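*Asks:* This one is structure.txt, compact mmCIF, C-alpha atoms.
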```
# COMPACT_ATOMS: atom_id res chain seq x y z
CA TYR S 1028 -3.91 11.13 -2.07
CA ILE S 1029 -2.02 7.85 -1.86
CA CYS S 1030 1.42 7.41 -3.41
CA PHE S 1031 4.05 4.71 -2.94
CA VAL S 1032 7.85 4.83 -2.87
CA ASP S 1033 9.92 1.77 -1.95
CA PRO S 1034 12.63 2.67 0.60
CA ASP S 1035 15.48 1.41 -1.58
CA ASP S 1036 14.40 3.14 -4.81
CA TRP S 1037 14.98 6.65 -6.13
CA VAL S 1038 12.50 9.18 -7.50
CA ALA S 1039 12.88 12.44 -9.37
CA PRO S 1040 12.52 15.59 -7.24
CA CYS S 1041 9.34 16.43 -9.19
CA TYR S 1042 7.81 12.95 -8.78
CA LEU S 1043 5.03 13.86 -6.35
CA GLU S 1044 4.41 17.29 -7.86
CA TRP S 1045 3.94 16.07 -11.42
CA LEU S 1046 1.76 13.12 -10.45
CA TYR S 1047 -0.43 15.48 -8.42
CA ARG S 1048 -0.60 18.03 -11.22
CA ALA S 1049 -1.56 15.25 -13.66
CA ILE S 1050 -4.61 14.45 -11.53
CA GLU S 1051 -5.56 18.11 -11.12
CA GLN S 1052 -5.18 18.95 -14.82
CA SER S 1053 -6.85 15.83 -16.23
CA GLY S 1054 -9.82 15.29 -13.95
CA SER S 1055 -8.80 11.65 -13.56
CA ARG S 1056 -8.47 10.31 -10.02
CA MET S 1057 -5.31 8.39 -10.85
CA SER S 1058 -1.98 9.27 -12.46
CA SER S 1059 1.21 7.43 -13.30
CA CYS S 1060 4.70 7.91 -14.70
CA ARG S 1061 7.27 5.73 -16.42
CA LEU S 1062 9.65 3.49 -14.51
CA LYS S 1063 13.25 2.46 -15.19
CA HIS S 1064 14.95 -0.60 -13.72
CA VAL S 1065 18.49 0.14 -12.59
CA GLY S 1066 21.28 -2.00 -11.22
CA GLN S 1067 22.93 0.89 -9.43
CA MET S 1068 21.42 4.10 -8.21
CA ASP S 1069 23.55 6.37 -10.39
CA ALA S 1070 22.14 4.79 -13.57
CA VAL S 1071 19.47 7.45 -14.00
CA VAL S 1072 18.30 9.41 -17.00
CA GLU S 1073 18.21 13.12 -17.67
CA LEU S 1074 14.92 14.54 -16.53
CA PRO S 1075 12.84 16.92 -18.63
CA LYS S 1076 13.08 20.54 -17.53
CA SER S 1077 9.31 20.93 -17.57
CA MET S 1078 6.37 18.60 -17.21
CA PRO S 1079 5.57 16.97 -20.59
CA GLU S 1080 2.11 16.91 -22.11
CA LEU S 1081 -0.08 14.31 -20.42
CA ARG S 1082 -1.11 11.12 -22.15
CA MET S 1083 -4.63 10.00 -21.27
CA MET S 1084 -4.75 6.22 -21.30
CA ASP S 1085 -7.98 4.32 -21.82
CA VAL S 1086 -7.46 1.23 -19.65
CA GLY S 1087 -9.50 -1.08 -21.88
CA ARG S 1088 -7.38 -0.16 -24.90
CA CYS S 1089 -4.12 -0.49 -22.97
CA SER S 1090 -1.50 -3.19 -23.55
CA VAL S 1091 0.09 -4.49 -20.36
CA TRP S 1092 3.43 -4.47 -22.19
CA GLU S 1093 3.63 -0.79 -23.01
CA GLN S 1094 5.74 1.51 -20.90
CA ASP S 1095 2.82 3.68 -19.78
CA ALA S 1096 0.84 0.69 -18.49
CA CYS S 1097 1.06 1.22 -14.74
CA LEU S 1098 1.28 -2.23 -13.19
CA GLN S 1099 3.46 -1.26 -10.25
CA CYS S 1100 1.90 0.72 -7.45
CA CYS S 1101 5.25 2.41 -6.80
CA ARG S 1102 4.84 4.75 -9.79
CA MET S 1103 1.29 5.93 -9.43
CA MET S 1104 -0.81 8.32 -7.38
CA ALA S 1105 -4.52 7.96 -6.62
CA GLU S 1106 -7.13 9.88 -4.70
CA ARG S 1107 -7.50 8.24 -1.31
CA ASP S 1108 -11.31 8.03 -1.50
CA MET S 1109 -11.03 6.00 -4.70
CA ILE S 1110 -9.20 3.14 -2.96
CA GLN S 1111 -11.89 2.46 -0.34
CA ASP S 1112 -11.86 -1.33 0.25
CA ILE S 1113 -9.19 -2.23 -2.33
CA ARG S 1114 -6.28 -3.82 -0.47
CA PHE S 1115 -3.13 -5.80 -1.17
CA ALA S 1116 -3.79 -9.56 -1.26
CA GLN S 1117 -1.85 -10.74 1.80
CA GLU S 1118 -1.70 -14.32 0.51
CA VAL S 1119 0.06 -13.25 -2.71
CA ALA S 1120 3.81 -12.78 -2.25
CA ILE S 1121 4.76 -11.76 -5.82
CA GLY S 1122 2.52 -9.78 -8.15
CA GLU S 1123 0.32 -8.37 -5.39
CA ASP S 1124 1.14 -4.81 -6.48
CA SER S 1125 0.05 -5.55 -10.06
CA LEU S 1126 -3.24 -6.99 -8.79
CA PHE S 1127 -3.83 -3.99 -6.53
CA THR S 1128 -3.02 -1.46 -9.25
CA MET S 1129 -5.12 -3.20 -11.90
CA GLN S 1130 -8.16 -2.98 -9.61
CA LEU S 1131 -7.64 0.77 -9.32
CA MET S 1132 -7.11 1.17 -13.07
CA LEU S 1133 -10.30 -0.71 -13.89
CA LYS S 1134 -12.23 1.32 -11.34
CA GLU S 1135 -11.12 4.65 -12.80
CA GLY S 1136 -11.11 3.69 -16.50
CA ARG S 1137 -8.84 6.51 -17.73
CA ILE S 1138 -5.41 7.25 -16.29
CA ALA S 1139 -3.38 10.45 -16.63
CA CYS S 1140 0.13 9.37 -17.62
CA VAL S 1141 3.18 11.61 -17.27
CA PRO S 1142 5.16 10.19 -20.24
CA CYS S 1143 8.66 10.32 -18.79
CA VAL S 1144 10.74 8.37 -16.28
CA LEU S 1145 10.31 9.71 -12.76
CA TYR S 1146 10.78 6.47 -10.82
CA PHE S 1147 13.97 4.38 -10.66
CA TYR S 1148 13.48 0.84 -9.43
CA TRP S 1149 16.59 -0.73 -7.97
CA MET S 1150 17.02 -4.36 -9.06
CA ARG S 1151 18.66 -5.68 -5.91
CA PRO S 1152 20.57 -8.96 -6.28
CA ASP S 1153 18.97 -10.22 -3.05
CA SER S 1154 15.38 -9.38 -4.04
CA ALA S 1155 12.65 -12.05 -4.02
CA LEU S 1156 12.80 -12.56 -7.78
CA HIS S 1157 16.53 -13.25 -7.65
CA GLN S 1158 16.37 -15.85 -4.88
CA ALA S 1159 16.14 -19.60 -5.25
CA PHE S 1160 12.60 -20.75 -5.99
CA THR S 1161 10.34 -21.19 -2.99
CA ALA S 1162 6.68 -22.08 -2.69
CA LYS S 1163 5.67 -18.43 -2.24
CA GLN S 1164 6.97 -17.57 -5.72
CA TYR S 1165 4.20 -19.70 -7.21
CA THR S 1166 1.83 -16.94 -6.13
CA GLU S 1167 3.02 -14.82 -9.08
CA SER S 1168 0.84 -16.99 -11.31
CA GLU S 1169 -2.07 -16.66 -8.88
CA ALA S 1170 -1.83 -12.87 -9.10
CA TRP S 1171 -2.08 -12.95 -12.90
CA GLU S 1172 -4.91 -15.48 -12.84
CA ARG S 1173 -6.89 -12.96 -10.79
CA ILE S 1174 -5.92 -10.10 -13.06
CA TYR S 1175 -6.95 -12.05 -16.15
CA ALA S 1176 -10.31 -12.80 -14.53
CA LEU S 1177 -10.80 -9.12 -13.68
CA VAL S 1178 -10.15 -7.86 -17.21
CA GLN S 1179 -12.64 -10.14 -18.97
CA ASN S 1180 -14.86 -8.07 -21.29
CA ARG S 1181 -13.11 -4.85 -20.22
CA GLY S 1182 -11.37 -4.29 -23.56
CA LYS S 1183 -9.92 -6.60 -26.21
CA ILE S 1184 -6.36 -5.30 -26.06
CA LEU S 1185 -6.23 -5.38 -22.26
CA GLU S 1186 -7.74 -8.86 -22.15
CA ARG S 1187 -5.48 -10.30 -24.85
CA THR S 1188 -2.24 -8.89 -23.46
CA SER S 1189 -3.16 -9.95 -19.93
CA GLU S 1190 -3.53 -13.49 -21.27
CA GLU S 1191 -0.10 -13.20 -22.90
CA LYS S 1192 1.35 -12.12 -19.58
CA LEU S 1193 -0.46 -14.95 -17.78
CA ALA S 1194 0.93 -17.61 -20.14
CA LEU S 1195 4.45 -16.28 -19.74
CA THR S 1196 4.07 -16.07 -15.97
CA TYR S 1197 3.14 -19.76 -15.89
CA ALA S 1198 6.25 -20.52 -17.97
CA HIS S 1199 8.38 -18.37 -15.69
CA VAL S 1200 7.14 -20.20 -12.60
CA TYR S 1201 7.56 -23.59 -14.29
CA TYR S 1202 11.20 -23.05 -15.25
CA ARG S 1203 12.10 -21.59 -11.86
CA MET S 1204 10.37 -24.51 -10.14
CA ALA S 1205 12.00 -27.14 -12.38
CA HIS S 1206 15.23 -27.70 -10.44
CA SER S 1207 14.04 -26.55 -7.03
CA PRO S 1208 13.15 -28.64 -3.96
CA TYR S 1209 9.55 -27.49 -4.49
CA ALA S 1210 9.18 -29.13 -7.89
CA ASP S 1211 6.43 -31.73 -7.97
CA GLU S 1212 5.23 -33.76 -10.93
CA ALA S 1213 1.54 -32.96 -10.54
CA GLY S 1214 2.20 -29.23 -10.17
CA GLN S 1215 4.46 -29.17 -13.21
CA LYS S 1216 1.92 -31.03 -15.35
CA GLU S 1217 -0.77 -28.55 -14.33
CA LEU S 1218 1.47 -25.62 -15.22
CA ILE S 1219 2.22 -27.16 -18.62
CA ARG S 1220 -1.49 -27.60 -19.27
CA LYS S 1221 -2.15 -23.97 -18.42
CA ILE S 1222 0.80 -22.71 -20.48
CA ARG S 1223 -0.37 -24.57 -23.56
CA LYS S 1224 -4.00 -23.58 -23.09
CA HIS S 1225 -3.28 -19.86 -22.92
CA ALA S 1226 -0.46 -19.90 -25.47
CA GLU S 1227 -2.78 -21.55 -27.98
CA SER S 1228 -5.46 -19.00 -27.19
CA VAL S 1229 -2.99 -16.14 -27.73
CA ASP S 1230 -1.82 -17.59 -31.05
CA ALA S 1231 -5.42 -18.14 -32.18
CA GLY S 1232 -6.22 -14.52 -31.39
CA LYS S 1233 -3.38 -13.01 -33.43
CA GLY S 1234 -4.69 -10.68 -36.07
CA LYS S 1235 -7.99 -10.16 -34.29
CA ASN S 1236 -6.72 -7.32 -32.13
CA ALA S 1237 -4.61 -4.30 -33.02
CA HIS S 1238 -1.38 -4.68 -31.04
CA ASP S 1239 1.36 -2.12 -31.26
CA GLY S 1240 4.96 -2.96 -32.17
CA ARG S 1241 6.19 -2.88 -28.60
CA LEU S 1242 3.63 -5.47 -27.55
CA SER S 1243 4.49 -7.80 -30.44
CA ALA S 1244 8.20 -7.45 -29.75
CA ALA S 1245 7.70 -8.20 -26.05
CA TRP S 1246 5.64 -11.30 -26.80
CA ALA S 1247 8.06 -12.56 -29.47
CA GLY S 1248 11.10 -11.88 -27.29
CA ASP S 1249 9.69 -13.74 -24.32
CA VAL S 1250 8.66 -16.65 -26.53
CA GLU S 1251 12.27 -16.87 -27.77
CA ASN S 1252 13.48 -16.99 -24.16
CA TRP S 1253 10.85 -19.63 -23.53
CA LYS S 1254 12.26 -21.73 -26.41
CA GLU S 1255 15.78 -21.44 -25.02
CA ASN S 1256 14.56 -22.67 -21.65
CA GLU S 1257 12.61 -25.47 -23.28
CA ALA S 1258 15.76 -26.68 -25.03
CA SER S 1259 17.43 -27.28 -21.67
CA PHE S 1260 14.32 -28.35 -19.78
CA PRO S 1261 11.51 -29.40 -22.17
CA LEU S 1262 7.86 -29.00 -21.31
CA LYS S 1263 7.05 -32.66 -20.73
CA ALA S 1264 3.40 -33.56 -20.52
```
What does this structure look like when you write it as structure tokens?
*Replies:*
Amino acid sequence: YICFVDPDDWVAPCYLEWLYRAIEQSGSRMSSCRLKHVGQMDAVVELPKSMPELRMMDVGRCSVWEQDACLQCCRMMAERDMIQDIRFAQEVAIGEDSLFTMQLMLKEGRIACVPCVLYFYWMRPDSALHQAFTAKQYTESEAWERIYALVQNRGKILERTSEEKLALTYAHVYYRMAHSPYADEAGQKELIRKIRKHAESVDAGKGKNAHDGRLSAAWAGDVENWKENEASFPLKA
């Protein structure tokens, strides 16, 4: 079995046990749990006294926004033989774990989810996402471009929500790039083109797929943040 724990994070004492039991009980080769972002390591939640009933997640019917969607390798376990030649993309600095995990999820098809928080991810103020924009941070959009290509025809909900995430990743990169030394006119115009292309596609697809409330709220909330950013730094073609 392969399992990941970042050295500056915290896991529940039953983390490995419950992920292993989820694989053994379900017959799936991959399991996951929920994750909580914390600003300090004492900001944890009360753990259940016993392992909750598993939730079997069909990857094609999964929204990337929901809390049981395992897009961080640090909260999953997989049988070692299943990984084979799947590796982290060395050229991708941000989002490489999402790309790696999505490949595993698509390979297995159904994931055994332990529906409770067992992993606590420390949001360090000096982490890569909190630093001034550098060229390597552009690779976040490259990671989601690859993910979106991988999920084509693998399930309408998965495909649609991956496109939502891709559009918002482009916007995230654009706004972080805007006032950095790495901003360039051609690159910004290309990002704007991609943002509009995928945002229009997402809007055109509304109503065609059954999205749950959490997905809709996530999309609407990020679009509102997008509008606030646009007010201070408009998307200029």
*Asks:* In terms of the shortest atom-to-atom distance over all atoms listed in the file, which of S:Glu1093, S:Glu1169, S:Asp1211, S:Glu1106 is closest to Ala1049 (chain S)?
*Replies:* S:Glu1106
*Asks:* Tell me which protein, DNA and RNA residues are within 7 Å of Cys1030 (chain S), counting only C-alpha atoms, leaving out same-chain ones fewer than 6 positions away, and put them as a PyMOL selection string.
*Replies:* chain S and resi 1103-1105
*Asks:* Which residue is closest to Leu1133 (chain S)? Choose from S:Val1200, S:Cys1101, S:Ile1110, S:Ile1029 and count all atoms listed in the file.
*Replies:*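 Ranking S:Val1200, S:Cys1101, S:Ile1110, S:Ile1029 by distance to Leu1133 (chain S), first place goes to S:Ile1110.
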*Asks:* Excluding Asp1112 (chain S) and any residue of its chain fewer than 6 positions from it, enumerate the residues within 12 Å of it, using all atoms listed in the file, and give them as a list in words.
*Replies:*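 Once the nearby chain positions are removed, what remains is Phe1127, Gln1130, Leu1131 and Lys1134 of chain S.
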*Asks:* Which of these, S:Lys1076, S:Lys1063, S:Arg1107, S:Arg1056, has the shortest distance to Phe1147 (chain S) once you count all atoms listed in the file?
*Replies:*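 Distance minimum relative to Phe1147 (chain S) lands on S:Lys1063.
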*Asks:* Applying 8 Å and only C-alpha atoms, which residues near Trp1037 (chain S) remain after dropping the ones on its own chain fewer than 3 positions away? List them as a PyMOL selection string.
*Replies:* chain S and resi 1068+1146-1149
*Asks:* So that I can check the surroundings of region 1180-1197 of chain S, please list as a ChimeraX atom specification every protein, DNA and RNA residue that reaches within 6 Å of it, counting only C-alpha atoms and ignoring chain neighbours fewer than 5 positions away.
*Replies:* /S:1087-1091,1168,1171,1175,1222,1225-1226
*Asks:* Leaving out Asp1095 (chain S) and any residue of its chain fewer than 2 positions from it, which residues lie within 7 Å of it when counting only C-alpha atoms, given as a PyMOL selection string?
*Replies:* chain S and resi 1060-1061+1093+1097+1140+1142
*Asks:* Build an axis-aligned box that encloses every atom of region 1168-1186 of chain S listed in the file, pad it by 4 Å on each side, and report its centre and edge lengths in Å to one decimal, as AutoDock Vina command-line options.
*Replies:*
```
--center_x -7.0 --center_y -10.6 --center_z -17.5 --size_x 23.7 --size_y 20.7 --size_z 25.3
```
*Asks:* Using all atoms listed in the file, find the one residue out of S:Gly1066, S:Gly1136, S:Pro1208, S:Pro1034 that sits nearest to Thr1161 (chain S).
*Replies:*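 So, comparing all the options, the nearest one is S:Pro1208.
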*Asks:* Which is closest to Phe1031 (chain S) among S:Glu1227, S:Glu1135, S:Asp1124, S:Glu1118, if we use all atoms listed in the file?
*Replies:*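 Looking only at the distances to Phe1031 (chain S), the closest residue turns out to be S:Asp1124.
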*Asks:* Compare S:Tyr1042, S:Asp1036, S:Gln1164, S:Glu1172 by their minimum atom-to-atom distance to Pro1075 (chain S), counting all atoms listed in the file, and give me the closest one.
*Replies:*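 Looking at the shortest contact to Pro1075 (chain S), the residue is S:Tyr1042.
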*Asks:* What does the structure give for the distance between CA of Glu1123 (chain S) and CA of Ala1139 (chain S), in Å to one decimal?
*Replies:*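 According to the coordinates, CA of Glu1123 (chain S) and CA of Ala1139 (chain S) are separated by 22.2 Å.
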*Asks:* What gap, in Å, lies between CA of Gln1215 (chain S) and CA of Ala1162 (chain S)?
*Replies:* 12.9 Å
*Asks:* Which distance in Å separates CA of Val1065 (chain S) and CA of Leu1126 (chain S), to one decimal?
*Replies:* 23.2 Å
